>>> print(open('structure-v9.cif').read())   # mmCIF, C-alpha atoms
data_work
loop_
_atom_site.group_PDB
_atom_site.id
_atom_site.type_symbol
_atom_site.label_atom_id
_atom_site.label_comp_id
_atom_site.auth_asym_id
_atom_site.auth_seq_id
_atom_site.Cartn_x
_atom_site.Cartn_y
_atom_site.Cartn_z
ATOM 1 C CA MET A 1 107.318 3.823 110.198
ATOM 2 C CA LEU A 2 108.622 6.638 112.354
ATOM 3 C CA PRO A 3 109.053 6.115 116.061
ATOM 4 C CA ASP A 4 106.647 7.923 118.368
ATOM 5 C CA ARG A 5 109.201 10.622 119.151
ATOM 6 C CA SER A 6 109.677 11.401 115.443
ATOM 7 C CA LYS A 7 105.949 11.523 114.893
ATOM 8 C CA ARG A 8 105.616 13.964 117.738
ATOM 9 C CA TYR A 9 108.188 16.283 116.242
ATOM 10 C CA ALA A 10 106.609 16.009 112.804
ATOM 11 C CA GLY A 11 103.308 17.149 114.214
ATOM 12 C CA ALA A 12 101.661 13.770 114.039
ATOM 13 C CA ASN A 13 100.077 14.387 117.421
ATOM 14 C CA GLY A 14 98.652 17.835 116.412
ATOM 15 C CA ASP A 15 100.029 21.353 115.861
ATOM 16 C CA ILE A 16 103.185 22.199 117.690
ATOM 17 C CA PRO A 17 102.451 25.069 120.096
ATOM 18 C CA ARG A 18 104.208 28.355 119.139
ATOM 19 C CA LEU A 19 106.033 30.543 121.620
ATOM 20 C CA VAL A 20 103.995 33.687 122.402
ATOM 21 C CA LEU A 21 106.292 36.742 122.665
ATOM 22 C CA ALA A 22 103.631 39.277 123.695
ATOM 23 C CA ALA A 23 99.880 39.608 123.805
ATOM 24 C CA ASN A 24 98.032 42.123 121.601
ATOM 25 C CA TRP A 25 97.344 44.458 124.494
ATOM 26 C CA GLN A 26 101.034 44.408 125.360
ATOM 27 C CA LEU A 27 101.961 45.383 121.763
ATOM 28 C CA ALA A 28 99.454 48.255 121.846
ATOM 29 C CA LEU A 29 100.901 49.449 125.126
ATOM 30 C CA ILE A 30 104.430 49.383 123.700
ATOM 31 C CA ALA A 31 103.290 51.403 120.668
ATOM 32 C CA LEU A 32 101.691 54.032 122.901
ATOM 33 C CA LEU A 33 104.834 54.255 124.988
ATOM 34 C CA VAL A 34 106.973 54.742 121.864
ATOM 35 C CA LEU A 35 104.644 57.495 120.586
ATOM 36 C CA ALA A 36 104.695 59.188 123.972
ATOM 37 C CA LEU A 37 108.477 59.002 124.021
ATOM 38 C CA LEU A 38 108.737 60.522 120.545
ATOM 39 C CA THR A 39 106.352 63.293 121.553
ATOM 40 C CA VAL A 40 108.520 64.110 124.561
ATOM 41 C CA ILE A 41 111.753 64.031 122.564
ATOM 42 C CA PHE A 42 110.328 65.764 119.459
ATOM 43 C CA PRO A 43 107.330 67.972 120.438
ATOM 44 C CA ARG A 44 105.054 68.406 117.416
ATOM 45 C CA LYS A 45 105.151 72.200 117.510
ATOM 46 C CA ALA A 46 108.925 72.305 117.783
ATOM 47 C CA LEU A 47 109.267 69.772 114.984
ATOM 48 C CA VAL A 48 106.979 71.736 112.680
ATOM 49 C CA GLU A 49 108.936 74.916 113.437
ATOM 50 C CA LYS A 50 112.169 73.113 112.608
ATOM 51 C CA LEU A 51 110.755 71.787 109.332
ATOM 52 C CA TYR A 52 109.619 75.305 108.427
ATOM 53 C CA LYS A 53 113.256 76.355 108.217
ATOM 54 C CA GLN A 54 114.169 73.626 105.738
ATOM 55 C CA GLU A 55 114.251 74.514 102.059
ATOM 56 C CA SER A 56 113.323 70.997 100.901
ATOM 57 C CA LEU A 57 111.863 67.887 102.508
ATOM 58 C CA ASP A 58 112.681 64.248 101.853
ATOM 59 C CA GLU A 59 110.017 61.649 101.111
ATOM 60 C CA LEU A 60 109.933 60.311 104.673
ATOM 61 C CA THR A 61 109.476 63.781 106.179
ATOM 62 C CA LEU A 62 106.813 64.630 103.597
ATOM 63 C CA SER A 63 104.941 61.450 104.466
ATOM 64 C CA TYR A 64 105.106 62.400 108.138
ATOM 65 C CA ILE A 65 103.687 65.872 107.392
ATOM 66 C CA GLN A 66 100.860 64.376 105.332
ATOM 67 C CA ASN A 67 99.951 62.084 108.225
ATOM 68 C CA LEU A 68 100.080 65.018 110.638
ATOM 69 C CA TYR A 69 97.704 66.979 108.416
ATOM 70 C CA ARG A 70 95.292 64.061 108.095
ATOM 71 C CA SER A 71 95.188 63.712 111.865
ATOM 72 C CA ASP A 72 94.625 67.443 112.434
ATOM 73 C CA THR A 73 93.403 69.415 109.411
ATOM 74 C CA LYS A 74 92.831 72.470 111.619
ATOM 75 C CA ASN A 75 96.531 72.816 112.406
ATOM 76 C CA ALA A 76 97.377 75.931 110.411
ATOM 77 C CA ASP A 77 101.151 75.547 110.482
ATOM 78 C CA VAL A 78 101.025 71.937 109.353
ATOM 79 C CA ALA A 79 98.660 72.933 106.546
ATOM 80 C CA LEU A 80 101.020 75.690 105.416
ATOM 81 C CA LEU A 81 103.987 73.342 105.602
ATOM 82 C CA LEU A 82 102.180 70.739 103.509
ATOM 83 C CA ALA A 83 101.089 73.308 100.921
ATOM 84 C CA ARG A 84 104.551 74.821 100.683
ATOM 85 C CA SER A 85 106.233 71.454 100.239
ATOM 86 C CA GLN A 86 103.811 70.400 97.470
ATOM 87 C CA GLN A 87 102.768 73.678 95.849
ATOM 88 C CA ASP A 88 104.469 72.704 92.592
ATOM 89 C CA VAL A 89 102.544 69.429 92.278
ATOM 90 C CA LEU A 90 99.125 70.219 93.808
ATOM 91 C CA ASP A 91 96.474 71.636 91.483
ATOM 92 C CA ILE A 92 94.736 74.912 92.282
ATOM 93 C CA ASP A 93 91.672 73.230 93.782
ATOM 94 C CA ALA A 94 93.802 71.231 96.237
ATOM 95 C CA LEU A 95 95.767 74.329 97.229
ATOM 96 C CA GLU A 96 92.588 76.330 97.729
ATOM 97 C CA SER A 97 91.140 73.614 99.977
ATOM 98 C CA ILE A 98 94.218 73.918 102.207
ATOM 99 C CA LEU A 99 94.949 77.653 102.051
ATOM 100 C CA LEU A 100 91.831 79.728 101.333
ATOM 101 C CA LYS A 101 90.593 79.782 104.908
ATOM 102 C CA LEU A 102 94.067 80.568 106.248
ATOM 103 C CA ALA A 103 94.361 83.483 103.811
ATOM 104 C CA THR A 104 91.577 85.289 105.682
ATOM 105 C CA GLU A 105 91.324 83.699 109.127
ATOM 106 C CA GLY A 106 94.906 82.844 110.112
ATOM 107 C CA ASP A 107 97.210 85.118 112.089
ATOM 108 C CA GLU A 108 99.187 87.781 110.212
ATOM 109 C CA ARG A 109 102.095 85.477 109.334
ATOM 110 C CA GLN A 110 99.787 82.671 108.231
ATOM 111 C CA ARG A 111 97.672 85.009 106.082
ATOM 112 C CA VAL A 112 100.766 86.328 104.332
ATOM 113 C CA GLU A 113 102.173 82.854 103.618
ATOM 114 C CA ALA A 114 98.833 81.531 102.364
ATOM 115 C CA ARG A 115 98.346 84.574 100.111
ATOM 116 C CA ILE A 116 101.823 84.290 98.616
ATOM 117 C CA MET A 117 101.309 80.639 97.691
ATOM 118 C CA LEU A 118 97.825 81.203 96.293
ATOM 119 C CA PHE A 119 98.938 84.293 94.363
ATOM 120 C CA ASP A 120 101.812 82.395 92.750
ATOM 121 C CA ALA A 121 99.517 79.466 91.929
ATOM 122 C CA TYR A 122 96.853 81.714 90.366
ATOM 123 C CA ASN A 123 99.482 83.464 88.247
ATOM 124 C CA ARG A 124 100.885 80.158 87.004
ATOM 125 C CA ASP A 125 97.441 78.920 86.030
ATOM 126 C CA MET A 126 96.470 82.216 84.401
ATOM 127 C CA GLU A 127 99.523 81.991 82.137
ATOM 128 C CA ARG A 128 98.123 78.679 80.867
ATOM 129 C CA ARG A 129 94.476 79.784 80.918
ATOM 130 C CA PRO A 130 94.428 83.566 80.352
ATOM 131 C CA GLN A 131 90.715 83.563 79.467
ATOM 132 C CA ASP A 132 89.589 81.726 82.602
ATOM 133 C CA VAL A 133 87.160 84.216 84.163
ATOM 134 C CA ILE A 134 86.612 82.164 87.333
ATOM 135 C CA LEU A 135 90.340 81.908 87.974
ATOM 136 C CA ALA A 136 90.734 85.671 87.530
ATOM 137 C CA SER A 137 87.837 86.311 89.908
ATOM 138 C CA HIS A 138 89.490 84.154 92.580
ATOM 139 C CA LEU A 139 92.715 86.108 92.194
ATOM 140 C CA ILE A 140 90.883 89.431 92.452
ATOM 141 C CA GLU A 141 89.013 88.230 95.546
ATOM 142 C CA LEU A 142 92.309 87.197 97.146
ATOM 143 C CA MET A 143 93.677 90.720 96.640
ATOM 144 C CA GLN A 144 90.482 92.457 97.741
ATOM 145 C CA ASN A 145 90.488 90.538 101.024
ATOM 146 C CA ALA A 146 94.023 91.786 101.709
ATOM 147 C CA GLN A 147 93.307 95.507 101.279
ATOM 148 C CA LYS A 148 93.156 96.361 104.982
ATOM 149 C CA ASP A 149 96.104 94.220 106.095
ATOM 150 C CA GLU A 150 99.720 95.161 106.546
ATOM 151 C CA LEU A 151 101.679 93.350 103.836
ATOM 152 C CA PRO A 152 105.363 92.709 103.139
ATOM 153 C CA GLU A 153 106.742 95.132 100.571
ATOM 154 C CA ARG A 154 107.252 92.410 97.953
ATOM 155 C CA LEU A 155 103.671 91.151 98.198
ATOM 156 C CA ALA A 156 102.147 94.645 98.228
ATOM 157 C CA ASN A 157 104.114 95.585 95.107
ATOM 158 C CA GLU A 158 103.089 92.375 93.335
ATOM 159 C CA PHE A 159 99.434 92.887 94.264
ATOM 160 C CA ALA A 160 99.606 96.487 92.991
ATOM 161 C CA SER A 161 101.227 95.460 89.717
ATOM 162 C CA LYS A 162 98.713 92.660 89.134
ATOM 163 C CA ALA A 163 95.743 94.914 89.922
ATOM 164 C CA PHE A 164 97.002 97.492 87.415
ATOM 165 C CA GLN A 165 97.480 94.744 84.806
ATOM 166 C CA LEU A 166 93.879 93.631 85.376
ATOM 167 C CA ASN A 167 92.717 97.230 84.861
ATOM 168 C CA LEU A 168 91.764 97.687 88.506
ATOM 169 C CA PRO A 169 93.573 100.981 89.174
ATOM 170 C CA LYS A 170 91.803 101.834 92.429
ATOM 171 C CA LEU A 171 92.679 98.445 93.908
ATOM 172 C CA GLY A 172 96.238 98.765 92.629
ATOM 173 C CA LEU A 173 96.478 102.195 94.210
ATOM 174 C CA VAL A 174 95.579 100.744 97.617
ATOM 175 C CA PHE A 175 98.559 98.371 97.544
ATOM 176 C CA PHE A 176 100.864 100.879 95.881
ATOM 177 C CA GLN A 177 100.323 103.370 98.702
ATOM 178 C CA LYS A 178 101.137 100.763 101.358
ATOM 179 C CA VAL A 179 104.822 100.724 100.386
ATOM 180 C CA ASN A 180 105.396 103.970 98.507
ATOM 181 C CA ALA A 181 105.708 107.153 100.496
ATOM 182 C CA GLY A 182 105.650 109.304 97.351
ATOM 183 C CA GLN A 183 102.646 110.071 95.214
ATOM 184 C CA PRO A 184 101.656 107.377 92.690
ATOM 185 C CA ALA A 185 100.967 109.768 89.799
ATOM 186 C CA VAL A 186 104.008 108.573 87.854
ATOM 187 C CA ILE A 187 103.111 104.872 88.029
ATOM 188 C CA LEU A 188 99.458 105.566 87.188
ATOM 189 C CA GLU A 189 100.435 107.627 84.153
ATOM 190 C CA LYS A 190 102.777 104.826 83.096
ATOM 191 C CA TYR A 191 99.976 102.255 83.130
ATOM 192 C CA GLY A 192 97.739 104.747 81.334
ATOM 193 C CA SER A 193 100.307 105.089 78.567
ATOM 194 C CA LEU A 194 100.585 101.296 78.316
ATOM 195 C CA ALA A 195 96.797 100.945 78.033
ATOM 196 C CA LEU A 196 96.698 103.702 75.414
ATOM 197 C CA GLY A 197 99.401 101.938 73.402
ATOM 198 C CA GLU A 198 97.184 98.853 73.352
ATOM 199 C CA GLY A 199 94.204 100.872 72.132
ATOM 200 C CA HIS A 200 92.272 100.825 75.433
ATOM 201 C CA HIS A 201 91.328 104.488 75.474
ATOM 202 C CA ALA A 202 88.755 104.384 78.275
ATOM 203 C CA VAL A 203 91.096 102.469 80.572
ATOM 204 C CA ALA A 204 93.975 104.810 79.756
ATOM 205 C CA ALA A 205 91.850 107.905 80.412
ATOM 206 C CA ASN A 206 90.797 106.492 83.763
ATOM 207 C CA TYR A 207 94.456 106.025 84.737
ATOM 208 C CA PHE A 208 95.345 109.581 83.680
ATOM 209 C CA LEU A 209 92.494 111.078 85.700
ATOM 210 C CA LEU A 210 93.405 109.013 88.767
ATOM 211 C CA ALA A 211 96.988 110.203 88.350
ATOM 212 C CA ARG A 212 95.675 113.778 88.214
ATOM 213 C CA GLU A 213 94.178 113.308 91.691
ATOM 214 C CA SER A 214 97.594 112.236 93.003
ATOM 215 C CA ALA A 215 99.554 115.014 91.312
ATOM 216 C CA THR A 216 101.754 117.169 93.550
ATOM 217 C CA THR A 217 101.682 120.405 91.538
ATOM 218 C CA LEU A 218 98.970 122.452 89.868
ATOM 219 C CA GLU A 219 100.774 122.282 86.534
ATOM 220 C CA GLU A 220 100.892 118.479 86.711
ATOM 221 C CA SER A 221 97.199 118.365 87.671
ATOM 222 C CA ARG A 222 96.287 120.444 84.627
ATOM 223 C CA ARG A 223 98.359 118.322 82.263
ATOM 224 C CA LEU A 224 97.002 114.975 83.491
ATOM 225 C CA PHE A 225 93.408 116.239 83.555
ATOM 226 C CA GLN A 226 93.638 117.427 79.963
ATOM 227 C CA LEU A 227 95.386 114.203 78.947
ATOM 228 C CA GLY A 228 92.557 112.124 80.438
ATOM 229 C CA ILE A 229 89.761 114.110 78.793
ATOM 230 C CA ASP A 230 91.594 114.284 75.457
ATOM 231 C CA THR A 231 92.019 110.504 75.543
ATOM 232 C CA TYR A 232 88.251 110.041 75.828
ATOM 233 C CA MET A 233 87.701 112.519 73.013
ATOM 234 C CA ALA A 234 90.232 110.789 70.742
ATOM 235 C CA ALA A 235 88.122 107.637 70.944
ATOM 236 C CA SER A 236 84.913 109.612 70.283
ATOM 237 C CA LEU A 237 83.741 108.815 73.827
ATOM 238 C CA PHE A 238 82.153 112.256 74.093
ATOM 239 C CA LYS A 239 79.580 111.470 76.771
ATOM 240 C CA GLU A 240 82.188 109.792 78.969
ATOM 241 C CA ALA A 241 84.534 112.736 78.481
ATOM 242 C CA MET A 242 81.952 115.218 79.752
ATOM 243 C CA LEU A 243 80.884 113.059 82.688
ATOM 244 C CA GLU A 244 84.441 112.379 83.814
ATOM 245 C CA ALA A 245 85.424 116.011 83.371
ATOM 246 C CA ARG A 246 82.741 117.076 85.813
ATOM 247 C CA GLN A 247 83.646 114.290 88.274
ATOM 248 C CA HIS A 248 87.401 114.926 88.281
ATOM 249 C CA LEU A 249 87.436 118.720 88.008
ATOM 250 C CA GLY A 250 88.041 119.178 91.723
ATOM 251 C CA ASN A 251 90.436 122.008 92.595
ATOM 252 C CA LEU A 252 90.655 122.986 88.922
ATOM 253 C CA ALA A 253 87.070 124.272 88.923
ATOM 254 C CA GLU A 254 88.239 127.901 89.041
ATOM 255 C CA ASP A 255 91.285 127.476 86.817
ATOM 256 C CA SER A 256 90.973 129.745 83.757
ATOM 257 C CA SER A 257 93.041 127.571 81.416
ATOM 258 C CA ILE A 258 91.026 124.460 82.341
ATOM 259 C CA LEU A 259 87.696 126.277 81.979
ATOM 260 C CA ARG A 260 88.759 127.472 78.531
ATOM 261 C CA PHE A 261 89.865 123.942 77.623
ATOM 262 C CA LEU A 262 86.571 122.437 78.826
ATOM 263 C CA SER A 263 84.479 125.011 76.978
ATOM 264 C CA HIS A 264 86.160 124.138 73.664
ATOM 265 C CA THR A 265 86.043 120.407 74.447
ATOM 266 C CA ALA A 266 82.329 120.494 75.285
ATOM 267 C CA LEU A 267 81.628 122.252 71.980
ATOM 268 C CA ALA A 268 83.608 119.574 70.141
ATOM 269 C CA ALA A 269 81.591 116.917 71.986
ATOM 270 C CA GLY A 270 78.325 118.559 70.893
ATOM 271 C CA ASN A 271 77.327 119.371 74.473
ATOM 272 C CA LEU A 272 76.258 123.005 74.086
ATOM 273 C CA ALA A 273 74.793 123.300 77.568
ATOM 274 C CA GLN A 274 77.994 122.208 79.285
ATOM 275 C CA ALA A 275 80.067 124.390 76.938
ATOM 276 C CA ALA A 276 77.942 127.411 77.902
ATOM 277 C CA GLU A 277 78.303 126.556 81.584
ATOM 278 C CA TYR A 278 82.111 126.509 81.393
ATOM 279 C CA ALA A 279 82.086 129.690 79.272
ATOM 280 C CA ARG A 280 80.008 131.545 81.875
ATOM 281 C CA LYS A 281 82.351 130.436 84.666
ATOM 282 C CA LEU A 282 85.299 131.592 82.583
ATOM 283 C CA VAL A 283 83.720 135.002 81.963
ATOM 284 C CA PHE A 284 82.905 135.521 85.635
ATOM 285 C CA ARG A 285 86.356 134.276 86.588
ATOM 286 C CA THR A 286 87.990 136.718 84.166
ATOM 287 C CA SER A 287 85.773 139.593 85.345
ATOM 288 C CA SER A 288 86.626 138.923 88.980
ATOM 289 C CA SER A 289 90.331 138.862 88.183
ATOM 290 C CA GLU A 290 90.152 142.219 86.340
ATOM 291 C CA SER A 291 88.216 143.926 89.112
#
>>> encode(input="structure-v9.cif", output="structure tokens")
Amino acid sequence: MLPDRSKRYAGANGDIPRLVLAANWQLALIALLVLALLTVIFPRKALVEKLYKQESLDELTLSYIQNLYRSDTKNADVALLLARSQQDVLDIDALESILLKLATEGDERQRVEARIMLFDAYNRDMERRPQDVILASHLIELMQNAQKDELPERLANEFASKAFQLNLPKLGLVFFQKVNAGQPAVILEKYGSLALGEGHHAVAANYFLLARESATTLEESRRLFQLGIDTYMAASLFKEAMLEARQHLGNLAEDSSILRFLSHTALAAGNLAQAAEYARKLVFRTSSSES
């Protein structure tokens, strides 16, 4: 048998009382003090700004950013930082949930950053799913919402190029003109030639006629106008050729060479009424010139 003292130490007389270092409320108070101290030393805004400048983030920093975002999902800069740090691993739905609102409602810098990330993500997904109509519609909507904004040159050029690739020449022209002081006739004719090479006659003709409206000389206007109408005719799109000719005639309405061209073209298209109309204008134009 153990002596009484040994029994006491072995817990024979009940549990041995443990030393209490701090009460729960004291631990909570210490935690609050530590958080307050960290906030003073590393203000959240300043910390986020500092992290913005870093090219890559370690796992600990990424975890911190994720916790910041969970605690304040309305913090635009934290949202952008999170999206940027994980844009290669997040799927398009996750990125949209973070960035779509910022792409239209953030300040200018935030809108630009959100649009760049979404644009890159849409392009990546469209390479894998080129027939995804919904994905394409989201990309188009992203560009349409940016039409009235000032954009960095790189983003405006990329939006213009993508709009032209999607056969949206008028939208592409909006972005093209934001960063190009010169007339866009050359680039529009280029995309028209590309579309024609792929057998898309109507698309190509549309590009040529849009280029005609941006031409800087009368000779260039004539050439592009005739190229557009001839492209419709080559695909036997006679009705479209006549309608577009009337719509895009503009300052060529009194041009003798164009009136002669349209009279012959209308006859070839089987539109006798329109051919007679252009012939009459040509006759009166010629008579006025002689007198």
>>> residues_around(input="structure-v9.cif", residues="stretch 71-87 of chain A", least_positions_apart="3", cutoff="7 Å", atoms="all atoms listed in the file", output="PyMOL selection string")
chain A and resi 48+52+65-68+90+95+98+114
>>> atom_distance(input="structure-v9.cif", atom1="atom CA of A:Asp132", atom2="atom CA of A:Lys190")
26.6 Å
>>> residues_near_point(input="structure-v9.cif", point="(97.7, 81.0, 85.0)", cutoff="12 Å", atoms="all atoms listed in the file", output="PDB file with C-alpha atoms, in the coordinates of the input")
ATOM      1  CA  ASP A  91      96.474  71.636  91.483  1.00  0.00           C
ATOM      2  CA  ILE A  92      94.736  74.912  92.282  1.00  0.00           C
ATOM      3  CA  LEU A 118      97.825  81.203  96.293  1.00  0.00           C
ATOM      4  CA  PHE A 119      98.938  84.293  94.363  1.00  0.00           C
ATOM      5  CA  ASP A 120     101.812  82.395  92.750  1.00  0.00           C
ATOM      6  CA  ALA A 121      99.517  79.466  91.929  1.00  0.00           C
ATOM      7  CA  TYR A 122      96.853  81.714  90.366  1.00  0.00           C
ATOM      8  CA  ASN A 123      99.482  83.464  88.247  1.00  0.00           C
ATOM      9  CA  ARG A 124     100.885  80.158  87.004  1.00  0.00           C
ATOM     10  CA  ASP A 125      97.441  78.920  86.030  1.00  0.00           C
ATOM     11  CA  MET A 126      96.470  82.216  84.401  1.00  0.00           C
ATOM     12  CA  GLU A 127      99.523  81.991  82.137  1.00  0.00           C
ATOM     13  CA  ARG A 128      98.123  78.679  80.867  1.00  0.00           C
ATOM     14  CA  ARG A 129      94.476  79.784  80.918  1.00  0.00           C
ATOM     15  CA  PRO A 130      94.428  83.566  80.352  1.00  0.00           C
ATOM     16  CA  GLN A 131      90.715  83.563  79.467  1.00  0.00           C
ATOM     17  CA  ASP A 132      89.589  81.726  82.602  1.00  0.00           C
ATOM     18  CA  VAL A 133      87.160  84.216  84.163  1.00  0.00           C
ATOM     19  CA  ILE A 134      86.612  82.164  87.333  1.00  0.00           C
ATOM     20  CA  LEU A 135      90.340  81.908  87.974  1.00  0.00           C
ATOM     21  CA  ALA A 136      90.734  85.671  87.530  1.00  0.00           C
ATOM     22  CA  HIS A 138      89.490  84.154  92.580  1.00  0.00           C
ATOM     23  CA  LEU A 139      92.715  86.108  92.194  1.00  0.00           C
TER      24      LEU A 139
END
>>> closest_atom_pairs(input="structure-v9.cif", of="stretch 207-253 of chain A", to="stretch 170-184 of chain A", cutoff="12 Å", atoms="only C-alpha atoms", output="tab-separated table")
residue	atom	partner	partner_atom	distance
A:Tyr207	CA	A:Lys170	CA	9.2
A:Phe208	CA	A:Pro184	CA	11.2
A:Leu209	CA	A:Lys170	CA	11.5
A:Leu210	CA	A:Lys170	CA	8.2
A:Ala211	CA	A:Pro184	CA	7.0
A:Arg212	CA	A:Pro184	CA	9.8
A:Glu213	CA	A:Pro184	CA	9.6
A:Ser214	CA	A:Gln183	CA	5.9
A:Ala215	CA	A:Gln183	CA	7.0
A:Thr216	CA	A:Gln183	CA	7.3
A:Thr217	CA	A:Gln183	CA	11.0
>>> atom_distance(input="structure-v9.cif", atom1="atom CA of A:Arg222", atom2="atom CA of A:Leu252")
7.5 Å
>>> resolve_selection(input="structure-v9.cif", expression="the PyMOL selection byres ((chain A and resi 226-239) around 10)", output="ChimeraX atom specification")
/A:189,192,196,199-212,220-225,240-245,248,258,261-262,265-266,268-271
>>> resolve_selection(input="structure-v9.cif", expression="the PyMOL selection byres ((chain A and resi 278) around 12)", output="ChimeraX atom specification")
/A:242,245-246,249,252-267,271-277,279-285
>>> build_atoms(input="structure-v9.cif", residues="stretch 144-155 of chain A", atoms="N, CA, C and O atoms", output="mmCIF file, keeping the file's coordinate frame")
data_model
loop_
_atom_site.group_PDB
_atom_site.id
_atom_site.type_symbol
_atom_site.label_atom_id
_atom_site.label_comp_id
_atom_site.auth_asym_id
_atom_site.auth_seq_id
_atom_site.Cartn_x
_atom_site.Cartn_y
_atom_site.Cartn_z
ATOM 1 N N GLN A 144 91.453 91.586 97.059
ATOM 2 C CA GLN A 144 90.482 92.457 97.741
ATOM 3 C C GLN A 144 90.425 92.175 99.236
ATOM 4 O O GLN A 144 90.294 93.096 100.052
ATOM 5 N N ASN A 145 90.535 90.905 99.607
ATOM 6 C CA ASN A 145 90.488 90.538 101.024
ATOM 7 C C ASN A 145 91.735 90.975 101.790
ATOM 8 O O ASN A 145 91.749 90.936 103.021
ATOM 9 N N ALA A 146 92.765 91.384 101.054
ATOM 10 C CA ALA A 146 94.023 91.786 101.709
ATOM 11 C C ALA A 146 94.174 93.298 101.802
ATOM 12 O O ALA A 146 95.190 93.787 102.297
ATOM 13 N N GLN A 147 93.178 94.049 101.362
ATOM 14 C CA GLN A 147 93.307 95.507 101.279
ATOM 15 C C GLN A 147 93.617 96.177 102.615
ATOM 16 O O GLN A 147 94.407 97.113 102.685
ATOM 17 N N LYS A 148 93.020 95.693 103.688
ATOM 18 C CA LYS A 148 93.156 96.361 104.982
ATOM 19 C C LYS A 148 94.334 95.853 105.809
ATOM 20 O O LYS A 148 94.620 96.397 106.870
ATOM 21 N N ASP A 149 95.009 94.831 105.325
ATOM 22 C CA ASP A 149 96.104 94.220 106.095
ATOM 23 C C ASP A 149 97.441 94.883 105.798
ATOM 24 O O ASP A 149 97.660 95.429 104.719
ATOM 25 N N GLU A 150 98.326 94.807 106.792
ATOM 26 C CA GLU A 150 99.720 95.161 106.546
ATOM 27 C C GLU A 150 100.352 94.023 105.752
ATOM 28 O O GLU A 150 100.170 92.854 106.092
ATOM 29 N N LEU A 151 101.095 94.364 104.707
ATOM 30 C CA LEU A 151 101.679 93.350 103.836
ATOM 31 C C LEU A 151 103.172 93.589 103.679
ATOM 32 O O LEU A 151 103.626 94.738 103.730
ATOM 33 N N PRO A 152 103.948 92.523 103.467
ATOM 34 C CA PRO A 152 105.363 92.709 103.139
ATOM 35 C C PRO A 152 105.489 93.522 101.861
ATOM 36 O O PRO A 152 104.605 93.465 100.991
ATOM 37 N N GLU A 153 106.569 94.254 101.731
ATOM 38 C CA GLU A 153 106.742 95.132 100.571
ATOM 39 C C GLU A 153 106.637 94.370 99.256
ATOM 40 O O GLU A 153 105.991 94.829 98.308
ATOM 41 N N ARG A 154 107.269 93.194 99.197
ATOM 42 C CA ARG A 154 107.252 92.410 97.953
ATOM 43 C C ARG A 154 105.821 92.045 97.555
ATOM 44 O O ARG A 154 105.423 92.213 96.396
ATOM 45 N N LEU A 155 105.028 91.582 98.519
ATOM 46 C CA LEU A 155 103.671 91.151 98.198
ATOM 47 C C LEU A 155 102.790 92.342 97.831
ATOM 48 O O LEU A 155 101.981 92.261 96.895
#
